[in-house]
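**Q** A single structure is presented below for examination.
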Amino acid sequence: MPNTHSAAKAMRSSEKKRMRNQSIKSALKTSLSRAEKLIAQGSEEAGKTLLKAASALDKAAQSGIIHANNAARHKSHLAKKTNLAQKLATAASLAVAPEPPAAKTRKPTTRRAKPKS
């Protein structure tokens, strides 16, 4: 329970902001899942929904609901999925097996112990 009038007002305003952010996040998740679903199906509307999802991500990042890097990461992943789906569709139409993506080489993460002198 807030002790002062200003604390009560801050609590009311933060609740309003939380509800607004919650609805925007929900709509954002819906647009992302719809885009991923259409991309997976190979639909013709996948490009349009990708643009709508990217726009929704940008708006959410601009208003501070999600971080800008979070929006960029989601847009990048959607674009990669879209490009891969298009490559598979063209390869299927040409009846040629697509090349699998190249595996990333990683440096070993463990360090070797230095020999004692």
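Identifiers in the structure tokens: chain A, B, ... in order shown; residue index from 1 per chain; ligand index from 1 in order shown.
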Could you pull the residues within 6 Å of stretch 38-55 of chain A, counting only C-alpha atoms, minus those fewer than 5 positions along the same chain, as a compact mmCIF listing (two decimals) with C-alpha atoms, in the first residue's frame?
**A**
# COMPACT_ATOMS: atom_id res chain seq x y z
CA SER A 31 2.23 -10.90 -35.44
CA LEU A 32 5.56 -12.71 -34.97
CA LYS A 75 13.79 -9.09 -37.52
CA THR A 82 12.19 -16.16 -45.07
**Q** I need the residues in stretch 41-71 of chain A that are helix (DSSP H, G or I) according to DSSP; give them as a list in words.
**A**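 The residues of stretch 41-71 of chain A classed as helix (DSSP H, G or I) are Gln41, Ala46, Gly47, Lys48, Thr49, Leu50, Leu51, Lys52, Ala53, Ala54, Ser55, Ala56, Leu57, Asp58, Lys59, Ala60, Ala61, Gln62, Ala68, Asn69, Asn70 and Ala71 of chain A.
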**Q** Identify, on the basis of only C-alpha atoms, every residue whose closest approach to A:Ala72 does not exceed 10 Å; exclude the query and any residue fewer than 6 positions from it along the same chain; express the result as a VMD selection string.
**A** chain A and resid 54 57 to 58 61 78
**Q** With C-alpha atoms retained, could you export that selection as a PDB file, in the first residue's frame?
**A**
ATOM      1  CA  ALA A  54       9.101  -5.783 -38.619  1.00  0.00           C
ATOM      2  CA  LEU A  57       8.861  -4.620 -33.731  1.00  0.00           C
ATOM      3  CA  ASP A  58      10.193  -1.192 -34.667  1.00  0.00           C
ATOM      4  CA  ALA A  61      11.292  -0.668 -29.721  1.00  0.00           C
ATOM      5  CA  LEU A  78      12.583 -13.702 -39.492  1.00  0.00           C
TER       6      LEU A  78
END
**Q** Would you mind listing what lies within 8 Å of A:Pro2 as a PyMOL selection string, with only C-alpha atoms counted and same-chain residues fewer than 4 positions away left out?
**A** chain A and resi 7-8+11
**Q** Taking only C-alpha atoms into account, which of A:Ala91, A:Ala10, A:Ala79, A:Met1 comes nearest A:Glu36?
**A** A:Ala79
**Q** Using Å and a single decimal, report how far atom CA of A:Ser33 sits from atom CA of A:Lys104.
**A** 27.3 Å
**Q** Between A:Ile66, A:Ser76, A:Lys116, A:Pro101, which one has atoms that come closest to A:Leu88, using only C-alpha atoms?
**A**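 Looking only at the distances to A:Leu88, the closest residue turns out to be A:Pro101.
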**Q** So, with only C-alpha atoms as the atoms that count, which of A:Arg111, A:Lys37, A:Lys9, A:Arg73 lies closest to A:Ala85?
**A**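 So, comparing all the options, the nearest one is A:Lys37.
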